[in-house]
Structures are given as C-alpha cells and as structure tokens.
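Note: the block below is input-v9.txt and it holds compact mmCIF, C-alpha atoms and all ligand atoms.
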```
# COMPACT_ATOMS: atom_id res chain seq x y z
CA MET A 1 -19.12 -2.76 -5.55
CA ALA A 2 -16.22 -5.10 -4.85
CA ASN A 3 -14.50 -5.24 -1.49
CA VAL A 4 -10.75 -4.69 -1.56
CA ALA A 5 -9.86 -8.38 -1.58
CA GLU A 6 -12.20 -9.10 -4.52
CA HIS A 7 -11.02 -6.04 -6.40
CA TYR A 8 -7.37 -7.10 -6.27
CA GLU A 9 -7.96 -10.81 -6.75
CA LYS A 10 -10.41 -10.58 -9.66
CA HIS A 11 -9.24 -7.38 -11.32
CA LEU A 12 -6.15 -5.45 -10.35
CA ALA A 13 -3.57 -8.01 -9.12
CA ARG A 14 -2.58 -9.29 -12.56
CA TYR A 15 -1.92 -5.76 -13.83
CA TYR A 16 -0.35 -4.35 -10.66
CA SER A 17 3.35 -4.81 -11.45
CA TRP A 18 2.79 -3.78 -15.07
CA LEU A 19 1.45 -0.43 -13.77
CA PHE A 20 4.82 0.29 -12.18
CA GLY A 21 7.00 -0.58 -15.18
CA GLY A 22 10.20 -2.39 -14.22
CA PHE A 23 9.86 -4.62 -11.14
CA ASN A 24 13.57 -4.40 -10.24
CA ASP A 25 13.66 -0.62 -10.68
CA THR A 26 10.74 -0.24 -8.27
CA VAL A 27 12.43 -2.50 -5.71
CA GLU A 28 15.63 -0.47 -6.14
CA ALA A 29 13.78 2.84 -5.60
CA ASN A 30 12.39 1.47 -2.33
CA ARG A 31 15.83 0.16 -1.28
CA HIS A 32 17.20 3.65 -1.89
CA PHE A 33 14.38 5.17 0.22
CA PHE A 34 15.13 2.85 3.18
CA ILE A 35 18.87 3.56 3.00
CA VAL A 36 18.43 7.34 2.73
CA LYS A 37 15.98 7.32 5.65
CA LYS A 38 18.40 5.12 7.66
CA LEU A 39 15.83 2.35 8.04
CA ILE A 40 18.41 -0.40 8.33
CA PRO A 41 18.45 -3.58 10.43
CA GLY A 42 19.43 -3.46 14.08
CA LYS A 43 19.35 -6.23 16.68
CA THR A 44 16.26 -8.31 15.90
CA ARG A 45 16.12 -7.48 12.15
CA ILE A 46 12.36 -8.16 12.16
CA ALA A 47 10.23 -6.04 9.84
CA ILE A 48 6.58 -6.32 8.92
CA ASP A 49 5.11 -5.17 5.64
CA LEU A 50 1.36 -4.42 5.80
CA GLY A 51 -0.22 -4.79 2.34
CA SER A 52 2.95 -6.03 0.68
CA GLY A 53 1.49 -6.49 -2.81
CA PRO A 54 4.09 -8.16 -5.07
CA GLY A 55 6.90 -7.19 -2.68
CA PHE A 56 8.42 -3.91 -3.85
CA GLN A 57 9.20 -2.99 -0.23
CA SER A 58 9.50 -6.48 1.31
CA ILE A 59 12.18 -7.47 -1.20
CA ALA A 60 14.09 -4.21 -0.67
CA LEU A 61 14.01 -4.71 3.11
CA ALA A 62 15.12 -8.34 2.85
CA GLN A 63 17.99 -7.29 0.55
CA LEU A 64 19.06 -4.89 3.31
CA GLY A 65 19.15 -7.74 5.83
CA PHE A 66 15.71 -7.62 7.42
CA SER A 67 13.66 -10.73 8.06
CA VAL A 68 10.26 -9.72 6.70
CA LEU A 69 6.71 -10.84 7.44
CA ALA A 70 4.68 -9.77 4.41
CA PHE A 71 0.89 -9.50 4.84
CA ASP A 72 -1.58 -9.34 2.00
CA LEU A 73 -5.12 -10.53 1.25
CA SER A 74 -4.40 -11.32 -2.40
CA GLN A 75 -2.97 -14.77 -3.14
CA THR A 76 -2.01 -13.59 -6.64
CA MET A 77 0.10 -10.81 -5.16
CA LEU A 78 1.71 -13.14 -2.62
CA ASP A 79 2.49 -15.72 -5.33
CA GLU A 80 4.26 -13.00 -7.32
CA LEU A 81 6.16 -11.97 -4.19
CA LYS A 82 7.22 -15.59 -3.60
CA SER A 83 8.42 -16.09 -7.15
CA ASN A 84 10.53 -12.92 -6.97
CA SER A 85 12.12 -13.57 -3.58
CA GLU A 86 13.06 -17.24 -3.41
CA ARG A 87 16.32 -16.91 -1.53
CA LEU A 88 15.33 -13.96 0.65
CA GLN A 89 14.09 -14.01 4.24
CA ILE A 90 10.46 -13.15 3.56
CA THR A 91 7.46 -14.98 5.02
CA PRO A 92 4.28 -14.25 3.03
CA ILE A 93 1.12 -14.32 5.16
CA LYS A 94 -2.34 -14.30 3.58
CA ASP A 95 -4.45 -12.47 6.12
CA ASP A 96 -6.00 -9.10 6.83
CA LEU A 97 -3.24 -6.70 7.82
CA LEU A 98 -5.41 -5.73 10.80
CA ASN A 99 -4.62 -9.18 12.22
CA PHE A 100 -0.85 -8.78 11.90
CA ALA A 101 -0.24 -8.86 15.66
CA SER A 102 -1.55 -12.40 15.99
CA HIS A 103 1.21 -13.64 13.61
CA SER A 104 4.04 -11.43 14.75
CA PRO A 105 6.87 -12.16 17.11
CA GLU A 106 7.85 -9.77 19.83
CA SER A 107 10.47 -7.08 19.25
CA ILE A 108 9.61 -5.80 15.81
CA GLU A 109 12.03 -3.12 14.63
CA LEU A 110 10.20 -1.79 11.64
CA CYS A 111 6.60 -1.74 10.47
CA ILE A 112 5.74 -0.36 7.05
CA CYS A 113 2.44 0.29 5.29
CA MET A 114 3.39 1.84 1.97
CA GLY A 115 2.15 2.37 -1.58
CA ASP A 116 -1.28 3.70 -0.55
CA THR A 117 -2.36 0.55 1.29
CA LEU A 118 -3.58 2.55 4.31
CA THR A 119 -6.42 4.17 2.33
CA HIS A 120 -7.78 0.67 1.60
CA LEU A 121 -8.97 0.37 5.21
CA ASP A 122 -12.67 1.14 5.24
CA SER A 123 -12.98 3.33 8.33
CA PHE A 124 -11.04 5.76 10.50
CA GLU A 125 -11.75 3.48 13.48
CA LYS A 126 -9.79 0.70 11.77
CA VAL A 127 -6.87 3.03 11.05
CA THR A 128 -6.83 4.13 14.70
CA SER A 129 -6.90 0.54 15.87
CA LEU A 130 -4.07 -0.40 13.46
CA PHE A 131 -1.88 2.45 14.72
CA ALA A 132 -2.45 1.37 18.34
CA ASP A 133 -1.55 -2.26 17.49
CA VAL A 134 1.60 -1.13 15.68
CA TYR A 135 2.65 1.01 18.65
CA GLN A 136 2.10 -1.97 20.93
CA ALA A 137 4.04 -4.37 18.67
CA LEU A 138 7.12 -2.21 18.11
CA GLY A 139 10.11 -2.36 20.42
CA THR A 140 11.43 0.89 21.89
CA GLY A 141 13.04 2.91 19.10
CA GLY A 142 11.11 0.90 16.49
CA LYS A 143 9.98 2.77 13.39
CA PHE A 144 6.59 2.98 11.66
CA VAL A 145 6.55 4.08 8.00
CA LEU A 146 3.37 5.16 6.25
CA VAL A 147 3.09 6.22 2.62
CA PHE A 148 -0.39 6.97 1.30
CA ARG A 149 -2.14 9.18 -1.21
CA ASP A 150 -3.71 12.48 -0.15
CA LEU A 151 -7.30 11.95 -1.30
CA VAL A 152 -8.67 14.92 0.64
CA PRO A 153 -8.54 17.54 -2.19
CA GLU A 154 -11.49 16.81 -4.45
CA LEU A 155 -11.01 16.59 -8.20
CA LYS A 156 -13.93 17.98 -10.18
CA GLY A 157 -15.53 17.26 -13.55
CA VAL A 158 -13.30 15.71 -16.21
CA ASP A 159 -10.25 15.90 -13.91
CA ARG A 160 -11.74 12.83 -12.21
CA PHE A 161 -10.70 10.72 -15.23
CA ILE A 162 -7.10 9.60 -14.64
CA PRO A 163 -5.17 7.98 -17.49
CA VAL A 164 -3.06 5.57 -15.44
CA LYS A 165 -1.09 3.58 -18.02
CA ASN A 166 -1.41 2.52 -21.64
CA ASP A 167 0.45 0.19 -23.96
CA PRO A 168 -0.59 -1.07 -27.43
CA ASP A 169 -2.69 -3.92 -25.91
CA THR A 170 -3.86 -2.53 -22.57
CA LEU A 171 -5.45 0.78 -21.57
CA PHE A 172 -5.90 1.52 -17.86
CA THR A 173 -8.04 4.50 -16.83
CA CYS A 174 -9.40 5.38 -13.44
CA PHE A 175 -12.56 7.36 -12.64
CA LEU A 176 -13.05 8.86 -9.18
CA GLU A 177 -16.32 9.64 -7.37
CA TYR A 178 -16.05 11.61 -4.13
CA GLU A 179 -18.07 10.88 -0.98
CA ALA A 180 -17.73 12.55 2.43
CA GLU A 181 -15.11 10.18 3.85
CA HIS A 182 -14.34 7.96 0.85
CA VAL A 183 -13.51 8.03 -2.83
CA LYS A 184 -15.10 5.45 -5.11
CA VAL A 185 -12.32 4.27 -7.43
CA ASN A 186 -13.53 2.85 -10.74
CA ASP A 187 -10.69 1.02 -12.49
CA MET A 188 -11.41 0.57 -16.21
CA ILE A 189 -9.13 -1.79 -18.12
CA TYR A 190 -9.39 -2.31 -21.88
CA THR A 191 -7.46 -5.31 -23.22
CA LYS A 192 -6.98 -6.13 -26.90
CA SER A 193 -7.61 -9.67 -28.14
CA GLN A 194 -8.27 -11.33 -31.52
CA ASP A 195 -11.96 -10.41 -31.09
CA GLY A 196 -11.22 -6.75 -30.50
CA TRP A 197 -11.15 -4.66 -27.33
CA LYS A 198 -12.68 -5.98 -24.10
CA LEU A 199 -13.57 -3.73 -21.14
CA ASP A 200 -13.38 -4.82 -17.49
CA VAL A 201 -14.52 -2.41 -14.81
CA SER A 202 -14.23 -2.87 -11.08
CA CYS A 203 -14.94 -0.42 -8.31
CA TYR A 204 -13.86 -0.16 -4.69
CA ARG A 205 -13.67 2.50 -1.97
CA LYS A 206 -10.65 4.28 -0.57
CA LEU A 207 -10.57 6.32 2.64
CA ARG A 208 -9.79 10.07 2.48
CA ILE A 209 -7.24 10.32 5.29
CA PRO A 210 -6.03 13.82 6.25
CA LEU A 211 -2.34 14.27 7.06
CA GLU A 212 -3.13 16.30 10.19
CA TRP A 213 -5.45 13.60 11.49
CA VAL A 214 -2.68 10.98 11.15
CA ARG A 215 -0.17 13.26 12.86
CA ARG A 216 -2.50 13.75 15.84
CA GLU A 217 -3.30 10.04 16.12
CA LEU A 218 0.38 9.07 16.10
CA LEU A 219 1.33 11.73 18.65
CA ASP A 220 -1.58 10.78 20.94
CA LEU A 221 -0.31 7.19 20.99
CA GLY A 222 3.15 8.33 22.04
CA PHE A 223 5.00 8.16 18.72
CA THR A 224 7.66 10.75 17.89
CA ILE A 225 7.26 12.05 14.34
CA CYS A 226 10.61 11.88 12.50
CA LEU A 227 9.24 12.80 9.08
CA CYS A 228 5.91 14.13 7.85
CA GLU A 229 5.66 15.40 4.28
CA ASN A 230 3.25 15.71 1.40
CA ASN A 231 5.17 15.40 -1.85
CA LYS A 232 2.88 16.03 -4.83
CA GLY A 233 -0.04 14.27 -3.17
CA MET A 234 1.87 11.35 -1.63
CA ILE A 235 2.05 11.63 2.16
CA THR A 236 4.98 10.06 4.01
CA PHE A 237 5.27 9.59 7.77
CA ILE A 238 8.17 8.07 9.64
CA ALA A 239 7.36 7.73 13.32
CA SER A 240 9.44 6.30 16.13
CA LYS A 241 8.32 4.61 19.36
C1 LIG B 301 -1.88 -0.35 -3.50
S1 LIG B 301 -1.29 -1.95 -3.12
C2 LIG B 301 0.31 -1.59 -2.37
C3 LIG B 301 1.26 -2.75 -2.49
C4 LIG B 301 2.71 -2.42 -2.13
N1 LIG B 301 2.86 -2.03 -0.75
C5 LIG B 301 3.25 -1.37 -3.06
O1 LIG B 301 3.68 -0.29 -2.61
O2 LIG B 301 3.25 -1.61 -4.28
C6 LIG B 301 -2.27 -2.39 -1.76
C7 LIG B 301 -2.08 -3.84 -1.33
O3 LIG B 301 -2.68 -4.01 -0.05
C8 LIG B 301 -3.46 -5.18 -0.05
N2 LIG B 301 -4.49 -4.97 0.96
C9 LIG B 301 -5.47 -4.04 0.96
N3 LIG B 301 -6.18 -4.12 2.08
C10 LIG B 301 -5.64 -5.10 2.83
C11 LIG B 301 -5.93 -5.66 4.09
N4 LIG B 301 -6.94 -5.20 4.84
N5 LIG B 301 -5.16 -6.67 4.54
C12 LIG B 301 -4.12 -7.15 3.79
N6 LIG B 301 -3.81 -6.66 2.58
C13 LIG B 301 -4.56 -5.66 2.10
C14 LIG B 301 -3.95 -5.36 -1.47
O4 LIG B 301 -4.26 -6.71 -1.75
C15 LIG B 301 -2.74 -4.84 -2.25
O5 LIG B 301 -1.84 -5.87 -2.54
```
Please express what this file holds, its structure, as structure tokens.
Amino acid sequence: MANVAEHYEKHLARYYSWLFGGFNDTVEANRHFFIVKKLIPGKTRIAIDLGSGPGFQSIALAQLGFSVLAFDLSQTMLDELKSNSERLQITPIKDDLLNFASHSPESIELCICMGDTLTHLDSFEKVTSLFADVYQALGTGGKFVLVFRDLVPELKGVDRFIPVKNDPDTLFTCFLEYEAEHVKVNDMIYTKSQDGWKLDVSCYRKLRIPLEWVRRELLDLGFTICLCENNKGMITFIASK
C-alpha cells in the first residue's frame, strides 16, 4: 500500500484537478464560501492552507487579500498551484502539514484544512497534535476551518464501488474497504491509449474521524465552535480562538 505522498505523486496528482471539472469554478466556489462565512483579511492577513493541493482554497484566499502559506507533500500539486497563481501572494511549501508551525510566522489569522485533507493523517494522535499546534499558532480571534468527509458510516457490498468521474478517455472508480479506524481507498483509473485501455490502481488509508470527537477536541483546547455541520457527508467546522 502506498503512503499518502506516494499515492498523490505517482497516481492521483495528475488527475486531481480534472476530477473537479473547471479549475476557476472550484476556486470561485471556495471564494464564495470564505465571503459568506466572513473569513476575510484583518490586520496581519496571514493565512495557512494545510494540504493545499493545486490551490482551490489558497488562490481564493489570496484573491481576497490574504497572504497565504500553502503546505503540501506533492510537488506536482504545488507546481500546479504555482502555475495558477503567479501574481498572487502565495508561498508554496513542500513539507508535511504537521510541520507547519516551524515555517509559520507569528500572528496567523486563519488556518484552513479543507477538501478532506484531515482524513489523510494516519492516526487520531496526529490530528490531536495538529489541532493543538493550530491553537498555539493562531492569534486571539483567529479562525480554524476544517472540511472533511464523514467516513464513519460504513458502506456495504456493492455500494463500496464509487464511480467518481468518467470521460471518453478516462474512467475513475474508487473501491472502499473498511477497517476499525481507517478506510482503505483503492483508486482505479482506466486510461485509453492507442494500445487500448490501461488500468492503474493505487491504494492508501484514510482516517474515520467522527464529528463529535472533533468537536470535543476543539472545545478541550479552548476553541469556540462557530459552525459545525454535516452536509451530505461533508463535515465543516469553523472554530475561533
Ligand atoms: C484531498 S486533497 C485536498 C486538496 C485541496 N485542499 C482541495 O480541497 O482540493 C489532499 C491534499 O493534501 C496533501 N496531503 C496529504 N497529507 C499531507 C500531509 N501530511 N502534509 C502535507 N500535505 C498532505 C495531498 O498531497 C493532497 O494534495
């Protein structure tokens, strides 16, 4: 089984933006989310994006006037982010998001970990430690935004096959295997070439993180919960220090 970095670098990164359809539309949807949730720049304007991918959130935040530090382990993702954000104030950093504090200045206003990045951490201990570091790094009134998939309800039988996206040359299907604390995600990608169809499969683990567990962890650290919702299996938290 691949670790997360290998999975993205060797398998998923080159298809990632394609999975979402229009790049600009996805950035715009995120920009809309930040505006509606009043996550706009204040004094320091410093935001950090944990697991930025190709920059759907980093670019939206920079367009709104934030200066963004974007962390990701995948060079392919960060290269895509760079090529889409040349004139914006975004600093891509290739490192484990768990190390963000060693790169970050003081007085961070906003920390985001969106698009299901949180479930890529391999243990609850690491999530707890990340939350504590974020609390420590934020200035008073700073916000922490989490968006991740609810992987707690277990799909059974053929429901574990998820048709993710297809076009005439590429078929992307996912197969899930449930363990006590994790889900094994098998990404199967068929691509069409002159020699016919070729199948690439790669597998990695995601953490099954319960909403109530996150709520308790954030409250125990001293965060105030401004928003906590589960919308069709996507969990969103906005917490304030
Ligand atoms: C599902 S994507 C989300 C990307 C983006 N936030 C979005 O919403 O499209 C997860 C991203 O997190 C990165 N990632 C996963 N674990 C990481 C870690 N421990 N440190 C840094 N990046 C990580 C992956 O390389 C990938 O780009």
Q | Residues within 8 Å of range 164-173 of chain A, all atoms listed in the file, excluding chain neighbours under 2 positions, as JSON, numbers by chain | A | {"A": [19, 161, 162, 175, 187, 188, 189, 190, 191, 192, 193]}
Go ahead and save the picked residues with C-alpha atoms, as a PDB file, in the frame of the given file.
```
ATOM      1  CA  LEU A  19       1.450  -0.430 -13.770  1.00  0.00           C
ATOM      2  CA  PHE A 161     -10.700  10.720 -15.230  1.00  0.00           C
ATOM      3  CA  ILE A 162      -7.100   9.600 -14.640  1.00  0.00           C
ATOM      4  CA  PHE A 175     -12.560   7.360 -12.640  1.00  0.00           C
ATOM      5  CA  ASP A 187     -10.690   1.020 -12.490  1.00  0.00           C
ATOM      6  CA  MET A 188     -11.410   0.570 -16.210  1.00  0.00           C
ATOM      7  CA  ILE A 189      -9.130  -1.790 -18.120  1.00  0.00           C
ATOM      8  CA  TYR A 190      -9.390  -2.310 -21.880  1.00  0.00           C
ATOM      9  CA  THR A 191      -7.460  -5.310 -23.220  1.00  0.00           C
ATOM     10  CA  LYS A 192      -6.980  -6.130 -26.900  1.00  0.00           C
ATOM     11  CA  SER A 193      -7.610  -9.670 -28.140  1.00  0.00           C
TER      12      SER A 193
END
```
Q: May I have the residues within 8 Å of ligand LIG 301 (chain B), computed using all atoms listed in the file, as a ChimeraX atom specification?
A: /A:4-5,8-9,13,16-17,49-57,71-74,77,94-98,113-118,120-121
Keeping only C-alpha atoms, write the selected residues as a PDB file, keeping the file's coordinate frame.
```
ATOM      1  CA  VAL A   4     -10.750  -4.690  -1.560  1.00  0.00           C
ATOM      2  CA  ALA A   5      -9.860  -8.380  -1.580  1.00  0.00           C
ATOM      3  CA  TYR A   8      -7.370  -7.100  -6.270  1.00  0.00           C
ATOM      4  CA  GLU A   9      -7.960 -10.810  -6.750  1.00  0.00           C
ATOM      5  CA  ALA A  13      -3.570  -8.010  -9.120  1.00  0.00           C
ATOM      6  CA  TYR A  16      -0.350  -4.350 -10.660  1.00  0.00           C
ATOM      7  CA  SER A  17       3.350  -4.810 -11.450  1.00  0.00           C
ATOM      8  CA  ASP A  49       5.110  -5.170   5.640  1.00  0.00           C
ATOM      9  CA  LEU A  50       1.360  -4.420   5.800  1.00  0.00           C
ATOM     10  CA  GLY A  51      -0.220  -4.790   2.340  1.00  0.00           C
ATOM     11  CA  SER A  52       2.950  -6.030   0.680  1.00  0.00           C
ATOM     12  CA  GLY A  53       1.490  -6.490  -2.810  1.00  0.00           C
ATOM     13  CA  PRO A  54       4.090  -8.160  -5.070  1.00  0.00           C
ATOM     14  CA  GLY A  55       6.900  -7.190  -2.680  1.00  0.00           C
ATOM     15  CA  PHE A  56       8.420  -3.910  -3.850  1.00  0.00           C
ATOM     16  CA  GLN A  57       9.200  -2.990  -0.230  1.00  0.00           C
ATOM     17  CA  PHE A  71       0.890  -9.500   4.840  1.00  0.00           C
ATOM     18  CA  ASP A  72      -1.580  -9.340   2.000  1.00  0.00           C
ATOM     19  CA  LEU A  73      -5.120 -10.530   1.250  1.00  0.00           C
ATOM     20  CA  SER A  74      -4.400 -11.320  -2.400  1.00  0.00           C
ATOM     21  CA  MET A  77       0.100 -10.810  -5.160  1.00  0.00           C
ATOM     22  CA  LYS A  94      -2.340 -14.300   3.580  1.00  0.00           C
ATOM     23  CA  ASP A  95      -4.450 -12.470   6.120  1.00  0.00           C
ATOM     24  CA  ASP A  96      -6.000  -9.100   6.830  1.00  0.00           C
ATOM     25  CA  LEU A  97      -3.240  -6.700   7.820  1.00  0.00           C
ATOM     26  CA  LEU A  98      -5.410  -5.730  10.800  1.00  0.00           C
ATOM     27  CA  CYS A 113       2.440   0.290   5.290  1.00  0.00           C
ATOM     28  CA  MET A 114       3.390   1.840   1.970  1.00  0.00           C
ATOM     29  CA  GLY A 115       2.150   2.370  -1.580  1.00  0.00           C
ATOM     30  CA  ASP A 116      -1.280   3.700  -0.550  1.00  0.00           C
ATOM     31  CA  THR A 117      -2.360   0.550   1.290  1.00  0.00           C
ATOM     32  CA  LEU A 118      -3.580   2.550   4.310  1.00  0.00           C
ATOM     33  CA  HIS A 120      -7.780   0.670   1.600  1.00  0.00           C
ATOM     34  CA  LEU A 121      -8.970   0.370   5.210  1.00  0.00           C
TER      35      LEU A 121
END
```
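With only C-alpha atoms as the atoms that count, the minimum distance from Leu81 in chain A to the choices A:Ala60, A:Ser240, A:Trp213, A:His11 is reached by A:Ala60.
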Q.
I'd like the contact shell of Leu69 in chain A - 8 Å cut-off, only C-alpha atoms, skipping same-chain residues fewer than 5 positions apart - returned as a VMD selection string.
A. chain A and resid 46 to 49 90 to 93 104
Q. Nearest to Phe124 in chain A among A:Glu28, A:Asp195, A:Glu181, A:Glu229, with distances taken over all atoms listed in the file: which residue is it?
A.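 Using all atoms listed in the file, the shortest distance to Phe124 in chain A belongs to A:Glu181.
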Q) Hey, what's within 12 Å of Asp220 in chain A if we count all atoms listed in the file and toss same-chain stuff fewer than 6 positions away? As a count of residues only, please? A) 7
Can I get range 54-79 of chain A with N, CA and C atoms filled in, as a PDB file, in the coordinates of the input?
```pdb
ATOM      1  N   PRO A  54       3.122  -7.213  -4.495  1.00  0.00           N
ATOM      2  CA  PRO A  54       4.090  -8.160  -5.070  1.00  0.00           C
ATOM      3  C   PRO A  54       5.469  -8.073  -4.430  1.00  0.00           C
ATOM      4  N   GLY A  55       5.653  -7.144  -3.465  1.00  0.00           N
ATOM      5  CA  GLY A  55       6.900  -7.190  -2.680  1.00  0.00           C
ATOM      6  C   GLY A  55       7.898  -6.085  -2.950  1.00  0.00           C
ATOM      7  N   PHE A  56       7.457  -4.977  -3.544  1.00  0.00           N
ATOM      8  CA  PHE A  56       8.420  -3.910  -3.850  1.00  0.00           C
ATOM      9  C   PHE A  56       9.194  -3.466  -2.609  1.00  0.00           C
ATOM     10  N   GLN A  57       8.502  -3.399  -1.463  1.00  0.00           N
ATOM     11  CA  GLN A  57       9.200  -2.990  -0.230  1.00  0.00           C
ATOM     12  C   GLN A  57       9.770  -4.198   0.509  1.00  0.00           C
ATOM     13  N   SER A  58       9.018  -5.292   0.579  1.00  0.00           N
ATOM     14  CA  SER A  58       9.500  -6.480   1.310  1.00  0.00           C
ATOM     15  C   SER A  58      10.839  -6.949   0.751  1.00  0.00           C
ATOM     16  N   ILE A  59      10.950  -6.987  -0.570  1.00  0.00           N
ATOM     17  CA  ILE A  59      12.180  -7.470  -1.200  1.00  0.00           C
ATOM     18  C   ILE A  59      13.335  -6.508  -0.896  1.00  0.00           C
ATOM     19  N   ALA A  60      13.047  -5.205  -0.982  1.00  0.00           N
ATOM     20  CA  ALA A  60      14.090  -4.210  -0.670  1.00  0.00           C
ATOM     21  C   ALA A  60      14.568  -4.378   0.771  1.00  0.00           C
ATOM     22  N   LEU A  61      13.634  -4.566   1.693  1.00  0.00           N
ATOM     23  CA  LEU A  61      14.010  -4.710   3.110  1.00  0.00           C
ATOM     24  C   LEU A  61      14.811  -5.991   3.331  1.00  0.00           C
ATOM     25  N   ALA A  62      14.386  -7.074   2.682  1.00  0.00           N
ATOM     26  CA  ALA A  62      15.120  -8.340   2.850  1.00  0.00           C
ATOM     27  C   ALA A  62      16.527  -8.227   2.255  1.00  0.00           C
ATOM     28  N   GLN A  63      16.653  -7.510   1.138  1.00  0.00           N
ATOM     29  CA  GLN A  63      17.990  -7.290   0.550  1.00  0.00           C
ATOM     30  C   GLN A  63      18.893  -6.518   1.517  1.00  0.00           C
ATOM     31  N   LEU A  64      18.279  -5.683   2.342  1.00  0.00           N
ATOM     32  CA  LEU A  64      19.060  -4.890   3.310  1.00  0.00           C
ATOM     33  C   LEU A  64      19.364  -5.671   4.583  1.00  0.00           C
ATOM     34  N   GLY A  65      18.822  -6.905   4.674  1.00  0.00           N
ATOM     35  CA  GLY A  65      19.150  -7.740   5.830  1.00  0.00           C
ATOM     36  C   GLY A  65      18.024  -7.940   6.827  1.00  0.00           C
ATOM     37  N   PHE A  66      16.843  -7.381   6.534  1.00  0.00           N
ATOM     38  CA  PHE A  66      15.710  -7.620   7.420  1.00  0.00           C
ATOM     39  C   PHE A  66      15.122  -9.005   7.169  1.00  0.00           C
ATOM     40  N   SER A  67      14.503  -9.551   8.207  1.00  0.00           N
ATOM     41  CA  SER A  67      13.660 -10.730   8.060  1.00  0.00           C
ATOM     42  C   SER A  67      12.230 -10.207   8.057  1.00  0.00           C
ATOM     43  N   VAL A  68      11.517 -10.452   6.939  1.00  0.00           N
ATOM     44  CA  VAL A  68      10.260  -9.720   6.700  1.00  0.00           C
ATOM     45  C   VAL A  68       9.048 -10.645   6.789  1.00  0.00           C
ATOM     46  N   LEU A  69       8.020 -10.196   7.512  1.00  0.00           N
ATOM     47  CA  LEU A  69       6.710 -10.840   7.440  1.00  0.00           C
ATOM     48  C   LEU A  69       5.851  -9.972   6.529  1.00  0.00           C
ATOM     49  N   ALA A  70       5.400 -10.551   5.419  1.00  0.00           N
ATOM     50  CA  ALA A  70       4.680  -9.770   4.410  1.00  0.00           C
ATOM     51  C   ALA A  70       3.200 -10.171   4.408  1.00  0.00           C
ATOM     52  N   PHE A  71       2.327  -9.219   4.741  1.00  0.00           N
ATOM     53  CA  PHE A  71       0.890  -9.500   4.840  1.00  0.00           C
ATOM     54  C   PHE A  71       0.155  -8.977   3.614  1.00  0.00           C
ATOM     55  N   ASP A  72      -0.698  -9.817   3.056  1.00  0.00           N
ATOM     56  CA  ASP A  72      -1.580  -9.340   2.000  1.00  0.00           C
ATOM     57  C   ASP A  72      -2.797 -10.264   1.916  1.00  0.00           C
ATOM     58  N   LEU A  73      -3.908  -9.721   1.414  1.00  0.00           N
ATOM     59  CA  LEU A  73      -5.120 -10.530   1.250  1.00  0.00           C
ATOM     60  C   LEU A  73      -5.147 -11.232  -0.103  1.00  0.00           C
ATOM     61  N   SER A  74      -4.332 -10.795  -1.036  1.00  0.00           N
ATOM     62  CA  SER A  74      -4.400 -11.320  -2.400  1.00  0.00           C
ATOM     63  C   SER A  74      -3.365 -12.435  -2.609  1.00  0.00           C
ATOM     64  N   GLN A  75      -3.867 -13.638  -2.888  1.00  0.00           N
ATOM     65  CA  GLN A  75      -2.970 -14.770  -3.140  1.00  0.00           C
ATOM     66  C   GLN A  75      -2.136 -14.525  -4.404  1.00  0.00           C
ATOM     67  N   THR A  76      -2.745 -13.877  -5.401  1.00  0.00           N
ATOM     68  CA  THR A  76      -2.010 -13.590  -6.640  1.00  0.00           C
ATOM     69  C   THR A  76      -0.798 -12.714  -6.356  1.00  0.00           C
ATOM     70  N   MET A  77      -1.005 -11.698  -5.530  1.00  0.00           N
ATOM     71  CA  MET A  77       0.100 -10.810  -5.160  1.00  0.00           C
ATOM     72  C   MET A  77       1.169 -11.585  -4.383  1.00  0.00           C
ATOM     73  N   LEU A  78       0.735 -12.403  -3.433  1.00  0.00           N
ATOM     74  CA  LEU A  78       1.710 -13.140  -2.620  1.00  0.00           C
ATOM     75  C   LEU A  78       2.468 -14.171  -3.450  1.00  0.00           C
ATOM     76  N   ASP A  79       1.796 -14.769  -4.447  1.00  0.00           N
ATOM     77  CA  ASP A  79       2.490 -15.720  -5.330  1.00  0.00           C
ATOM     78  C   ASP A  79       3.579 -15.002  -6.124  1.00  0.00           C
TER      79      ASP A  79
END
```
